[in-house]
file query31.pdb (PDB, C-alpha atoms and all ligand atoms)
MODEL        1
ATOM      1  CA  MET A   1     -12.162 -13.828 -21.513
ATOM      2  CA  THR A   2      -9.134 -15.564 -23.027
ATOM      3  CA  PRO A   3      -6.207 -16.538 -20.779
ATOM      4  CA  LEU A   4      -4.106 -13.791 -22.378
ATOM      5  CA  GLN A   5      -6.823 -11.210 -21.680
ATOM      6  CA  ALA A   6      -6.943 -12.408 -18.073
ATOM      7  CA  TYR A   7      -3.158 -12.053 -17.895
ATOM      8  CA  ASP A   8      -3.360  -8.496 -19.291
ATOM      9  CA  LEU A   9      -5.846  -7.556 -16.581
ATOM     10  CA  MET A  10      -3.783  -9.178 -13.835
ATOM     11  CA  VAL A  11      -0.642  -7.372 -15.028
ATOM     12  CA  SER A  12      -2.509  -4.052 -15.227
ATOM     13  CA  ILE A  13      -3.734  -4.472 -11.646
ATOM     14  CA  ARG A  14      -0.238  -5.406 -10.400
ATOM     15  CA  LEU A  15       1.403  -2.425 -12.136
ATOM     16  CA  PHE A  16      -1.381  -0.096 -11.016
ATOM     17  CA  GLU A  17      -0.910  -1.139  -7.386
ATOM     18  CA  GLU A  18       2.876  -0.891  -7.568
ATOM     19  CA  ALA A  19       2.492   2.627  -8.954
ATOM     20  CA  ILE A  20       0.057   3.576  -6.178
ATOM     21  CA  GLU A  21       2.471   2.384  -3.482
ATOM     22  CA  ARG A  22       5.246   4.451  -5.037
ATOM     23  CA  LEU A  23       3.069   7.543  -5.514
ATOM     24  CA  PHE A  24       1.964   7.409  -1.890
ATOM     25  CA  LEU A  25       5.503   7.182  -0.609
ATOM     26  CA  GLU A  26       6.501  10.091  -2.861
ATOM     27  CA  GLY A  27       3.628  12.169  -1.442
ATOM     28  CA  HIS A  28       1.621  12.523  -4.660
ATOM     29  CA  ILE A  29      -1.447  10.910  -3.089
ATOM     30  CA  ALA A  30      -2.927  11.786   0.295
ATOM     31  CA  GLY A  31      -4.917   9.667   2.732
ATOM     32  CA  THR A  32      -4.379   5.938   2.664
ATOM     33  CA  ALA A  33      -4.733   3.004   0.290
ATOM     34  CA  HIS A  34      -4.683  -0.770   0.549
ATOM     35  CA  THR A  35      -3.164  -2.574  -2.411
ATOM     36  CA  CYS A  36      -3.951  -6.094  -3.564
ATOM     37  CA  ILE A  37      -0.561  -7.245  -4.846
ATOM     38  CA  GLY A  38      -0.663 -11.051  -4.846
ATOM     39  CA  GLN A  39      -4.459 -11.274  -5.006
ATOM     40  CA  GLU A  40      -4.997 -10.489  -8.701
ATOM     41  CA  ALA A  41      -6.205 -13.994  -9.637
ATOM     42  CA  VAL A  42      -9.188 -13.651  -7.314
ATOM     43  CA  ALA A  43     -10.272 -10.294  -8.738
ATOM     44  CA  VAL A  44      -9.896 -11.369 -12.353
ATOM     45  CA  GLY A  45     -11.161 -14.944 -11.822
ATOM     46  CA  VAL A  46     -14.378 -13.691 -10.216
ATOM     47  CA  ALA A  47     -14.905 -10.949 -12.809
ATOM     48  CA  ALA A  48     -14.373 -13.435 -15.652
ATOM     49  CA  ALA A  49     -17.132 -15.666 -14.292
ATOM     50  CA  LEU A  50     -19.763 -12.910 -14.090
ATOM     51  CA  GLN A  51     -22.169 -11.689 -16.751
ATOM     52  CA  PRO A  52     -22.093  -7.965 -17.552
ATOM     53  CA  HIS A  53     -25.415  -7.374 -15.717
ATOM     54  CA  ASP A  54     -24.247  -9.166 -12.534
ATOM     55  CA  ALA A  55     -23.202  -7.136  -9.494
ATOM     56  CA  MET A  56     -19.981  -7.074  -7.500
ATOM     57  CA  THR A  57     -19.328  -5.534  -4.104
ATOM     58  CA  SER A  58     -15.874  -4.924  -2.741
ATOM     59  CA  THR A  59     -13.760  -3.938   0.230
ATOM     60  CA  HIS A  60     -11.165  -1.429   1.409
ATOM     61  CA  ARG A  61      -8.760  -3.332  -0.900
ATOM     62  CA  GLY A  62     -10.836  -2.761  -4.006
ATOM     63  CA  HIS A  63      -8.764  -1.238  -6.835
ATOM     64  CA  GLY A  64      -8.148  -4.655  -8.402
ATOM     65  CA  HIS A  65     -11.781  -5.716  -8.140
ATOM     66  CA  PHE A  66     -12.874  -2.510  -9.858
ATOM     67  CA  ILE A  67     -10.306  -2.722 -12.666
ATOM     68  CA  ALA A  68     -11.149  -6.407 -13.207
ATOM     69  CA  ARG A  69     -14.795  -5.378 -13.519
ATOM     70  CA  GLY A  70     -13.896  -3.012 -16.341
ATOM     71  CA  ALA A  71     -13.029   0.278 -14.640
ATOM     72  CA  ASP A  72     -10.732   2.636 -16.497
ATOM     73  CA  PRO A  73      -7.427   2.620 -14.524
ATOM     74  CA  ARG A  74      -6.987   6.312 -15.384
ATOM     75  CA  ARG A  75     -10.209   7.233 -13.592
ATOM     76  CA  VAL A  76      -9.456   4.934 -10.625
ATOM     77  CA  MET A  77      -6.101   6.655 -10.300
ATOM     78  CA  ALA A  78      -7.693  10.083 -10.756
ATOM     79  CA  GLU A  79      -9.934   9.308  -7.770
ATOM     80  CA  LEU A  80      -6.851   8.510  -5.683
ATOM     81  CA  PHE A  81      -5.317  11.799  -6.827
ATOM     82  CA  GLY A  82      -8.520  13.616  -5.767
ATOM     83  CA  ARG A  83      -9.242  14.794  -9.319
ATOM     84  CA  GLU A  84     -12.614  15.680 -10.791
ATOM     85  CA  ALA A  85     -12.137  12.934 -13.428
ATOM     86  CA  GLY A  86     -12.191  10.245 -10.710
ATOM     87  CA  TYR A  87     -15.068   7.813 -10.274
ATOM     88  CA  SER A  88     -16.359   9.818  -7.270
ATOM     89  CA  ARG A  89     -15.340  13.124  -8.833
ATOM     90  CA  GLY A  90     -12.285  13.173  -6.579
ATOM     91  CA  ARG A  91     -14.348  13.381  -3.398
ATOM     92  CA  GLY A  92     -14.116   9.773  -2.220
ATOM     93  CA  GLY A  93     -10.636   8.332  -2.661
ATOM     94  CA  SER A  94      -9.477   4.760  -2.512
ATOM     95  CA  GLN A  95     -12.238   3.275  -0.366
ATOM     96  CA  MET A  96     -15.174   5.165  -1.812
ATOM     97  CA  MET A  97     -15.599   4.534  -5.490
ATOM     98  CA  MET A  98     -18.222   2.719  -7.472
ATOM     99  CA  ASP A  99     -19.799   2.574 -10.906
ATOM    100  CA  PRO A 100     -23.209   0.900 -11.072
ATOM    101  CA  ALA A 101     -23.007   1.062 -14.895
ATOM    102  CA  LEU A 102     -20.173  -1.488 -14.621
ATOM    103  CA  GLY A 103     -22.075  -3.536 -12.026
ATOM    104  CA  PHE A 104     -19.573  -2.441  -9.405
ATOM    105  CA  TYR A 105     -21.286  -1.373  -6.211
ATOM    106  CA  GLY A 106     -18.366  -0.046  -4.394
ATOM    107  CA  ALA A 107     -15.305  -0.340  -2.353
ATOM    108  CA  ASN A 108     -16.156  -0.175   1.335
ATOM    109  CA  GLY A 109     -14.021   1.113   4.200
ATOM    110  CA  ILE A 110     -16.051  -0.736   6.832
ATOM    111  CA  THR A 111     -14.732  -4.253   7.411
ATOM    112  CA  GLY A 112     -17.660  -6.491   6.414
ATOM    113  CA  GLY A 113     -19.699  -3.449   5.393
ATOM    114  CA  SER A 114     -20.406  -4.729   1.909
ATOM    115  CA  ILE A 115     -21.872  -8.036   3.117
ATOM    116  CA  PRO A 116     -25.408  -6.913   4.086
ATOM    117  CA  PHE A 117     -25.370  -4.331   1.306
ATOM    118  CA  ALA A 118     -24.703  -7.113  -1.230
ATOM    119  CA  ALA A 119     -27.592  -9.118   0.192
ATOM    120  CA  GLY A 120     -29.793  -6.087  -0.423
ATOM    121  CA  LEU A 121     -28.726  -6.079  -4.080
ATOM    122  CA  ALA A 122     -29.501  -9.798  -4.278
ATOM    123  CA  LEU A 123     -32.921  -9.304  -2.681
ATOM    124  CA  ASP A 124     -33.643  -6.596  -5.250
ATOM    125  CA  ALA A 125     -32.673  -8.996  -8.053
ATOM    126  CA  GLN A 126     -34.891 -11.716  -6.588
ATOM    127  CA  LEU A 127     -37.924  -9.437  -6.207
ATOM    128  CA  LYS A 128     -37.495  -8.009  -9.705
ATOM    129  CA  LYS A 129     -36.626 -11.432 -11.215
ATOM    130  CA  SER A 130     -33.781  -9.688 -13.048
ATOM    131  CA  GLY A 131     -31.571 -12.775 -13.273
ATOM    132  CA  ARG A 132     -28.700 -10.842 -11.706
ATOM    133  CA  VAL A 133     -26.322 -12.535  -9.274
ATOM    134  CA  THR A 134     -24.249 -10.557  -6.763
ATOM    135  CA  ALA A 135     -20.643 -11.493  -6.051
ATOM    136  CA  CYS A 136     -19.810 -10.194  -2.595
ATOM    137  CA  LEU A 137     -16.063 -10.025  -1.940
ATOM    138  CA  PHE A 138     -14.627  -9.610   1.550
ATOM    139  CA  GLY A 139     -11.640 -10.648   3.649
ATOM    140  CA  ASP A 140     -10.920 -13.331   6.238
ATOM    141  CA  GLY A 141     -11.046 -10.652   8.937
ATOM    142  CA  ALA A 142     -14.496  -9.568   7.767
ATOM    143  CA  SER A 143     -15.701 -13.161   8.071
ATOM    144  CA  ASN A 144     -15.394 -12.745  11.858
ATOM    145  CA  GLN A 145     -17.822  -9.828  11.914
ATOM    146  CA  GLY A 146     -21.298 -10.569  13.267
ATOM    147  CA  VAL A 147     -22.850  -9.221  10.100
ATOM    148  CA  PHE A 148     -21.276 -12.072   8.103
ATOM    149  CA  HIS A 149     -23.231 -14.639  10.126
ATOM    150  CA  GLU A 150     -26.481 -12.677  10.142
ATOM    151  CA  THR A 151     -26.345 -12.161   6.387
ATOM    152  CA  LEU A 152     -25.455 -15.757   5.495
ATOM    153  CA  ASN A 153     -28.353 -16.993   7.590
ATOM    154  CA  LEU A 154     -30.886 -14.709   5.948
ATOM    155  CA  ALA A 155     -29.485 -15.152   2.435
ATOM    156  CA  SER A 156     -29.778 -18.921   2.763
ATOM    157  CA  LEU A 157     -33.265 -18.773   4.278
ATOM    158  CA  TRP A 158     -34.474 -16.568   1.428
ATOM    159  CA  LYS A 159     -32.384 -18.355  -1.239
ATOM    160  CA  LEU A 160     -30.923 -15.073  -2.441
ATOM    161  CA  PRO A 161     -28.865 -15.060  -5.673
ATOM    162  CA  ILE A 162     -25.563 -14.165  -4.060
ATOM    163  CA  LEU A 163     -22.058 -15.617  -3.752
ATOM    164  CA  PHE A 164     -20.066 -14.820  -0.638
ATOM    165  CA  ILE A 165     -16.452 -14.825  -1.777
ATOM    166  CA  VAL A 166     -13.855 -14.576   0.959
ATOM    167  CA  GLU A 167     -10.310 -13.619   0.037
ATOM    168  CA  ASN A 168      -8.363 -15.469   2.693
ATOM    169  CA  ASN A 169      -5.018 -13.683   2.352
ATOM    170  CA  GLY A 170      -3.620 -14.886   5.654
ATOM    171  CA  TYR A 171      -3.959 -11.635   7.587
ATOM    172  CA  ALA A 172      -6.382  -9.088   8.969
ATOM    173  CA  MET A 173      -4.079  -6.101   9.380
ATOM    174  CA  SER A 174      -1.299  -7.581  11.568
ATOM    175  CA  THR A 175      -3.314 -10.546  12.874
ATOM    176  CA  PRO A 176      -2.539 -13.839  11.129
ATOM    177  CA  THR A 177      -5.493 -16.130  10.516
ATOM    178  CA  THR A 178      -3.856 -18.662  12.864
ATOM    179  CA  ARG A 179      -4.674 -16.203  15.661
ATOM    180  CA  GLY A 180      -8.026 -15.048  14.308
ATOM    181  CA  LEU A 181      -9.924 -18.123  13.169
ATOM    182  CA  ALA A 182     -11.044 -20.870  15.590
ATOM    183  CA  ASN A 183     -11.488 -23.125  12.540
ATOM    184  CA  PRO A 184      -8.938 -22.215   9.852
ATOM    185  CA  CYS A 185     -11.330 -23.326   7.099
ATOM    186  CA  ILE A 186     -13.744 -20.444   6.497
ATOM    187  CA  ALA A 187     -15.655 -22.454   3.861
ATOM    188  CA  ASP A 188     -16.725 -24.846   6.652
ATOM    189  CA  ARG A 189     -18.941 -22.110   8.024
ATOM    190  CA  ALA A 190     -21.256 -22.534   5.038
ATOM    191  CA  HIS A 191     -22.623 -25.775   6.464
ATOM    192  CA  ALA A 192     -23.994 -23.941   9.504
ATOM    193  CA  TYR A 193     -26.119 -21.927   7.093
ATOM    194  CA  ASN A 194     -27.137 -24.791   4.836
ATOM    195  CA  MET A 195     -25.340 -23.627   1.720
ATOM    196  CA  PRO A 196     -22.439 -25.049  -0.326
ATOM    197  CA  GLY A 197     -18.986 -24.083   0.898
ATOM    198  CA  VAL A 198     -15.840 -24.601  -1.176
ATOM    199  CA  THR A 199     -12.178 -23.722  -0.840
ATOM    200  CA  VAL A 200     -10.211 -22.890  -3.986
ATOM    201  CA  ASP A 201      -6.627 -22.042  -4.819
ATOM    202  CA  GLY A 202      -6.990 -18.272  -5.004
ATOM    203  CA  ASN A 203      -3.665 -17.867  -6.810
ATOM    204  CA  ASP A 204      -4.974 -19.864  -9.767
ATOM    205  CA  PHE A 205      -7.122 -17.779 -12.116
ATOM    206  CA  PHE A 206      -8.622 -20.891 -13.720
ATOM    207  CA  ALA A 207      -9.587 -22.515 -10.415
ATOM    208  CA  VAL A 208     -11.303 -19.341  -9.207
ATOM    209  CA  ARG A 209     -13.143 -18.790 -12.476
ATOM    210  CA  GLU A 210     -14.328 -22.402 -12.667
ATOM    211  CA  GLN A 211     -15.783 -22.496  -9.136
ATOM    212  CA  VAL A 212     -17.384 -19.083  -9.387
ATOM    213  CA  GLN A 213     -18.865 -19.889 -12.801
ATOM    214  CA  LYS A 214     -20.444 -23.084 -11.464
ATOM    215  CA  LEU A 215     -21.933 -21.480  -8.379
ATOM    216  CA  VAL A 216     -22.972 -18.247 -10.086
ATOM    217  CA  GLU A 217     -25.065 -20.189 -12.579
ATOM    218  CA  ALA A 218     -26.563 -22.312  -9.771
ATOM    219  CA  ALA A 219     -27.496 -19.120  -7.896
ATOM    220  CA  ARG A 220     -28.983 -17.683 -11.086
ATOM    221  CA  SER A 221     -31.214 -20.696 -11.500
ATOM    222  CA  GLY A 222     -32.589 -20.387  -7.956
ATOM    223  CA  ALA A 223     -30.280 -22.674  -5.945
ATOM    224  CA  GLY A 224     -29.480 -19.864  -3.504
ATOM    225  CA  PRO A 225     -26.182 -18.631  -2.099
ATOM    226  CA  ALA A 226     -22.787 -20.267  -1.667
ATOM    227  CA  LEU A 227     -19.595 -19.460   0.187
ATOM    228  CA  ILE A 228     -16.326 -19.616  -1.770
ATOM    229  CA  GLU A 229     -13.048 -19.303   0.100
ATOM    230  CA  CYS A 230     -10.103 -18.257  -2.091
ATOM    231  CA  LEU A 231      -6.748 -19.044  -0.481
ATOM    232  CA  THR A 232      -4.219 -16.398  -1.390
ATOM    233  CA  TYR A 233      -1.547 -14.170   0.151
ATOM    234  CA  ARG A 234      -1.288 -10.423   0.571
ATOM    235  CA  ILE A 235       2.203  -9.802  -0.855
ATOM    236  CA  SER A 236       1.807  -6.083  -0.169
ATOM    237  CA  GLY A 237       1.747  -4.626   3.308
ATOM    238  CA  HIS A 238      -1.670  -3.963   4.847
ATOM    239  CA  SER A 239      -1.626  -0.310   3.814
ATOM    240  CA  ARG A 240       0.753   2.503   3.057
ATOM    241  CA  GLY A 241       4.008   2.316   4.981
ATOM    242  CA  ASP A 242       3.298  -1.013   6.736
ATOM    243  CA  PRO A 243       6.704  -2.192   8.123
ATOM    244  CA  ARG A 244       5.381  -5.826   8.202
ATOM    245  CA  THR A 245       6.976  -6.579  11.556
ATOM    246  CA  TYR A 246       4.351  -9.267  12.207
ATOM    247  CA  ARG A 247       5.792 -11.660   9.604
ATOM    248  CA  SER A 248       9.208 -12.767   8.408
ATOM    249  CA  ARG A 249      10.831 -12.018   5.051
ATOM    250  CA  GLU A 250      11.344 -15.804   4.684
ATOM    251  CA  GLU A 251       7.592 -16.343   4.889
ATOM    252  CA  GLU A 252       7.054 -13.664   2.235
ATOM    253  CA  LEU A 253       9.629 -15.165  -0.120
ATOM    254  CA  SER A 254       8.104 -18.581   0.238
ATOM    255  CA  ALA A 255       4.573 -17.220  -0.434
ATOM    256  CA  GLN A 256       5.830 -15.347  -3.485
ATOM    257  CA  LYS A 257       6.657 -18.654  -5.148
ATOM    258  CA  GLN A 258       2.873 -18.977  -5.545
ATOM    259  CA  ASP A 259       2.544 -15.494  -7.066
ATOM    260  CA  PRO A 260      -0.580 -15.647  -9.270
ATOM    261  CA  LEU A 261       1.187 -13.802 -12.089
ATOM    262  CA  LEU A 262       4.001 -16.354 -12.187
ATOM    263  CA  ARG A 263       1.410 -19.125 -12.167
ATOM    264  CA  MET A 264      -0.397 -17.526 -15.111
ATOM    265  CA  GLU A 265       2.853 -16.969 -17.011
ATOM    266  CA  SER A 266       3.748 -20.592 -16.557
ATOM    267  CA  HIS A 267       0.326 -21.613 -17.906
ATOM    268  CA  LEU A 268       0.621 -19.311 -20.921
ATOM    269  CA  THR A 269       4.081 -20.518 -21.896
ATOM    270  CA  LYS A 270       3.496 -24.224 -21.189
ATOM    271  CA  HIS A 271      -0.124 -24.776 -22.175
ATOM    272  CA  GLU A 272      -0.835 -21.946 -24.623
ATOM    273  CA  SER A 273       2.656 -22.091 -26.187
ATOM    274  CA  LEU A 274       3.126 -18.326 -25.948
ATOM    275  CA  PRO A 275       6.739 -17.133 -26.198
ATOM    276  CA  ILE A 276       8.155 -15.151 -23.261
ATOM    277  CA  ALA A 277       8.688 -12.232 -25.680
ATOM    278  CA  THR A 278       4.909 -11.945 -26.136
ATOM    279  CA  LEU A 279       4.393 -11.731 -22.380
ATOM    280  CA  VAL A 280       7.104  -9.103 -22.077
ATOM    281  CA  ALA A 281       5.473  -7.072 -24.861
ATOM    282  CA  HIS A 282       2.135  -7.241 -23.002
ATOM    283  CA  GLN A 283       3.803  -6.146 -19.749
ATOM    284  CA  LYS A 284       5.359  -3.158 -21.528
ATOM    285  CA  GLN A 285       2.024  -2.198 -23.035
ATOM    286  CA  ALA A 286       0.362  -2.325 -19.605
ATOM    287  CA  GLN A 287       3.175  -0.263 -18.068
ATOM    288  CA  ALA A 288       2.789   2.371 -20.807
ATOM    289  CA  LEU A 289      -0.917   2.713 -19.946
ATOM    290  CA  ILE A 290      -0.163   3.125 -16.240
ATOM    291  CA  ASP A 291       2.541   5.708 -16.985
ATOM    292  CA  GLU A 292       0.086   7.558 -19.189
ATOM    293  CA  ALA A 293      -2.529   7.444 -16.383
ATOM    294  CA  ILE A 294      -0.024   9.016 -13.958
ATOM    295  CA  ARG A 295       0.760  11.809 -16.421
ATOM    296  CA  PHE A 296      -2.964  12.397 -16.924
ATOM    297  CA  CYS A 297      -3.595  12.600 -13.153
ATOM    298  CA  GLU A 298      -0.737  14.987 -12.503
ATOM    299  CA  THR A 299      -2.352  17.696 -14.619
ATOM    300  CA  ALA A 300      -6.065  16.772 -14.448
ATOM    301  CA  PRO A 301      -8.170  19.474 -12.732
ATOM    302  CA  LEU A 302      -9.061  19.276  -9.051
ATOM    303  CA  PRO A 303     -12.729  19.667  -8.097
ATOM    304  CA  ASP A 304     -13.980  23.227  -7.805
ATOM    305  CA  PRO A 305     -13.881  24.044  -4.050
ATOM    306  CA  LEU A 306     -17.141  25.976  -4.378
ATOM    307  CA  ASP A 307     -18.798  22.823  -5.691
ATOM    308  CA  TYR A 308     -17.802  20.550  -2.796
ATOM    309  CA  LEU A 309     -21.376  19.819  -1.752
ATOM    310  CA  ALA A 310     -22.395  18.676  -5.243
ATOM    311  CA  GLU A 311     -24.164  15.321  -5.044
ATOM    312  CA  VAL A 312     -24.340  15.448  -1.230
ATOM    313  CA  LEU A 313     -27.960  15.114  -0.158
ATOM    314  CA  THR A 314     -28.902  17.849   2.297
TER     315      THR A 314
HETATM  316  C1  LIG B   1     -15.860  -2.155  11.319
HETATM  317  C2  LIG B   1     -14.367  -1.971  11.146
HETATM  318  N1  LIG B   1     -13.537  -2.445  12.084
HETATM  319  C3  LIG B   1     -12.194  -2.286  11.935
HETATM  320  C4  LIG B   1     -11.693  -1.637  10.839
HETATM  321  C5  LIG B   1     -10.183  -1.467  10.662
HETATM  322  N2  LIG B   1      -9.705  -2.384   9.614
HETATM  323  C6  LIG B   1      -9.407  -1.942   8.379
HETATM  324  S1  LIG B   1      -8.902  -3.175   7.386
HETATM  325  C7  LIG B   1      -9.032  -4.319   8.620
HETATM  326  C8  LIG B   1      -8.636  -5.758   8.407
HETATM  327  C9  LIG B   1      -9.527  -6.439   7.464
HETATM  328  O1  LIG B   1      -8.995  -7.718   7.262
HETATM  329  P1  LIG B   1      -9.565  -8.649   6.133
HETATM  330  O2  LIG B   1     -11.052  -8.635   6.189
HETATM  331  O3  LIG B   1      -8.902  -9.958   6.247
HETATM  332  O4  LIG B   1      -9.157  -7.903   4.787
HETATM  333  P2  LIG B   1      -7.686  -7.655   4.196
HETATM  334  O5  LIG B   1      -7.197  -6.364   4.786
HETATM  335  O6  LIG B   1      -6.835  -8.793   4.565
HETATM  336  O7  LIG B   1      -7.901  -7.529   2.721
HETATM  337  C10 LIG B   1      -9.485  -3.731   9.782
HETATM  338  C11 LIG B   1      -9.706  -4.453  11.044
HETATM  339  C12 LIG B   1     -12.602  -1.155   9.883
HETATM  340  N3  LIG B   1     -12.192  -0.544   8.769
HETATM  341  N4  LIG B   1     -13.945  -1.346  10.041
HETATM  342 MG    MG B   2      -7.263 -10.719   5.192
ENDMDL
END
call {"tool": "encode", "arguments": {"input": "query31.pdb", "output": "structure tokens"}}
result
Amino acid sequence: MTPLQAYDLMVSIRLFEEAIERLFLEGHIAGTAHTCIGQEAVAVGVAAALQPHDAMTSTHRGHGHFIARGADPRRVMAELFGREAGYSRGRGGSQMMMDPALGFYGANGITGGSIPFAAGLALDAQLKKSGRVTACLFGDGASNQGVFHETLNLASLWKLPILFIVENNGYAMSTPTTRGLANPCIADRAHAYNMPGVTVDGNDFFAVREQVQKLVEAARSGAGPALIECLTYRISGHSRGDPRTYRSREEELSAQKQDPLLRMESHLTKHESLPIATLVAHQKQAQALIDEAIRFCETAPLPDPLDYLAEVLT
């Protein structure tokens, strides 16, 4: 993936999420959704370090992970609109979509729910000697769930080919990490389970990709799991309509100076000598695709009500 391709993906995710927030507020989408504005470098950095046959598991904040993994934004959006064209045929919504053909084993509405599930995928890869590594993404809040500790212990003991990648975005709903973590460094927890633990700048696409690439190849060659903590910031609210009373606007403005998109733009103009006009043209192209996706979803057919039990095991 070239830096410009990574930028295109990051911009697509940002514009997708901005559109989702707007569509929710306008009442076009029901239910809830958690957007990942500000966390795009983690999604794209991890995806860029994986091989096509590797696996990724995700969270309740998974649209960006899925798009970075190659999902068609039109079909992700169609799922949010409850349309038959969606990845779960419109029956799942934001937190219940997956596509094993893309190596994407699902968003997950249960905080920490993907962690043991990802270890199962890694055990399968180990038993079948498939050479597949699983990248298991979860949040700082999820790292306080008991299942995190149980899974890291077992994964290390069995040397499973899995990377535990925590998106430390500063908050679990309204609880800041300063009030949720006894030791603010989540990567430190790796040592208790005898695996490497590293902290990376999660707003820097290149830093994320480099660390994940190194540890993914180590896991592939039998070195076992690792814990990677990506430090980032959830620029969006927790979910639809979050008034963000638990943090100040000053804090948000200061965090936005580290916006991963701005960081990438600065890299592209300074180190890749790309003119601003090229970046603007790419932004416009991405916006046109999102606008087209919205138009598609507005008229795409809903599932047939008589078919609502299709694919439900009885
Ligand atoms: C088992 C469980 N407990 C509580 C919740 C409610 N809940 C939804 S998101 C969330 C916070 C998760 O925080 P974090 O893991 O840091 O992810 P982030 O929202 O920051 O991406 C909680 C507690 C849940 N979905 N599942
Ligand atoms: Mg969090």
call {"tool": "residues_around", "arguments": {"input": "query31.pdb", "residues": "Met1 of chain A", "least_positions_apart": "4", "cutoff": "8 Å", "atoms": "all atoms listed in the file", "output": "list in words"}}
result
Gln5, Ala6 and Ala48 of chain A
call {"tool": "closest_atom_pairs", "arguments": {"input": "query31.pdb", "of": "segment 37-87 of chain A", "to": "segment 180-203 of chain A", "cutoff": "10 Å", "atoms": "all atoms listed in the file", "output": "JSON lines"}}
result
{"residue": "A:Gly38", "atom": "CA", "partner": "A:Asn203", "partner_atom": "CA", "distance": 7.7}
{"residue": "A:Gln39", "atom": "CA", "partner": "A:Asn203", "partner_atom": "CA", "distance": 6.9}
{"residue": "A:Glu40", "atom": "CA", "partner": "A:Asn203", "partner_atom": "CA", "distance": 7.7}
{"residue": "A:Ala41", "atom": "CA", "partner": "A:Asn203", "partner_atom": "CA", "distance": 5.4}
{"residue": "A:Val42", "atom": "CA", "partner": "A:Gly202", "partner_atom": "CA", "distance": 5.6}
{"residue": "A:Ala43", "atom": "CA", "partner": "A:Gly202", "partner_atom": "CA", "distance": 9.4}
{"residue": "A:Gly45", "atom": "CA", "partner": "A:Gly202", "partner_atom": "CA", "distance": 8.7}
call {"tool": "write_last_selection", "arguments": {"input": "query31.pdb", "atoms": "C-alpha atoms", "output": "JSON list (two decimals), in the frame of the given file"}}
result
[["chain", "number", "residue", "atom", "x", "y", "z"],
["A", 38, "GLY", "CA", -0.66, -11.05, -4.85],
["A", 39, "GLN", "CA", -4.46, -11.27, -5.01],
["A", 40, "GLU", "CA", -5.00, -10.49, -8.70],
["A", 41, "ALA", "CA", -6.20, -13.99, -9.64],
["A", 42, "VAL", "CA", -9.19, -13.65, -7.31],
["A", 43, "ALA", "CA", -10.27, -10.29, -8.74],
["A", 45, "GLY", "CA", -11.16, -14.94, -11.82]]
call {"tool": "residues_near_ligand", "arguments": {"input": "query31.pdb", "ligand": "ligand MG 2 (chain B)", "cutoff": "6 Å", "atoms": "all atoms listed in the file", "output": "number ranges by chain"}}
result
A: 139-141, 168-172
call {"tool": "write_last_selection", "arguments": {"input": "query31.pdb", "atoms": "C-alpha atoms", "output": "mmCIF file, keeping the file's coordinate frame"}}
result
data_model
loop_
_atom_site.group_PDB
_atom_site.id
_atom_site.type_symbol
_atom_site.label_atom_id
_atom_site.label_comp_id
_atom_site.auth_asym_id
_atom_site.auth_seq_id
_atom_site.Cartn_x
_atom_site.Cartn_y
_atom_site.Cartn_z
ATOM 1 C CA GLY A 139 -11.640 -10.648 3.649
ATOM 2 C CA ASP A 140 -10.920 -13.331 6.238
ATOM 3 C CA GLY A 141 -11.046 -10.652 8.937
ATOM 4 C CA ASN A 168 -8.363 -15.469 2.693
ATOM 5 C CA ASN A 169 -5.018 -13.683 2.352
ATOM 6 C CA GLY A 170 -3.620 -14.886 5.654
ATOM 7 C CA TYR A 171 -3.959 -11.635 7.587
ATOM 8 C CA ALA A 172 -6.382 -9.088 8.969
#
call {"tool": "residues_around", "arguments": {"input": "query31.pdb", "residues": "Ala47 of chain A", "least_positions_apart": "5", "cutoff": "10 Å", "atoms": "only C-alpha atoms", "output": "JSON, numbers by chain"}}
result
{"A": [1, 6, 41, 42, 52, 54, 55, 56, 65, 66, 67, 68, 69, 70, 135, 208, 209, 212, 213]}
call {"tool": "resolve_selection", "arguments": {"input": "query31.pdb", "expression": "the PyMOL selection byres (((not hetatm)) within 9 of (chain B and resi 1))", "output": "ChimeraX atom specification"}}
result
/A:34-36,59-62,108-113,138-145,166-177,233-234,238-239
call {"tool": "atom_distance", "arguments": {"input": "query31.pdb", "atom1": "atom CA of Leu154 of chain A", "atom2": "atom CA of Ala223 of chain A"}}
result
14.3 Å
call {"tool": "resolve_selection", "arguments": {"input": "query31.pdb", "expression": "the PyMOL selection byres (((chain A and resi 18) around 12) and not hetatm)", "output": "short mmCIF file (atom, residue, chain, number, x, y, z; two decimals) with C-alpha atoms, keeping the file's coordinate frame"}}
result
data_model
loop_
_atom_site.label_atom_id
_atom_site.label_comp_id
_atom_site.auth_asym_id
_atom_site.auth_seq_id
_atom_site.Cartn_x
_atom_site.Cartn_y
_atom_site.Cartn_z
CA VAL A 11 -0.64 -7.37 -15.03
CA SER A 12 -2.51 -4.05 -15.23
CA ILE A 13 -3.73 -4.47 -11.65
CA ARG A 14 -0.24 -5.41 -10.40
CA LEU A 15 1.40 -2.42 -12.14
CA PHE A 16 -1.38 -0.10 -11.02
CA GLU A 17 -0.91 -1.14 -7.39
CA ALA A 19 2.49 2.63 -8.95
CA ILE A 20 0.06 3.58 -6.18
CA GLU A 21 2.47 2.38 -3.48
CA ARG A 22 5.25 4.45 -5.04
CA LEU A 23 3.07 7.54 -5.51
CA PHE A 24 1.96 7.41 -1.89
CA LEU A 25 5.50 7.18 -0.61
CA ALA A 33 -4.73 3.00 0.29
CA HIS A 34 -4.68 -0.77 0.55
CA THR A 35 -3.16 -2.57 -2.41
CA CYS A 36 -3.95 -6.09 -3.56
CA ILE A 37 -0.56 -7.24 -4.85
CA GLY A 38 -0.66 -11.05 -4.85
CA HIS A 63 -8.76 -1.24 -6.84
CA GLY A 64 -8.15 -4.66 -8.40
CA ILE A 235 2.20 -9.80 -0.86
CA SER A 236 1.81 -6.08 -0.17
CA GLY A 237 1.75 -4.63 3.31
CA ARG A 240 0.75 2.50 3.06
CA GLN A 287 3.18 -0.26 -18.07
CA ILE A 290 -0.16 3.12 -16.24
CA ASP A 291 2.54 5.71 -16.98
#
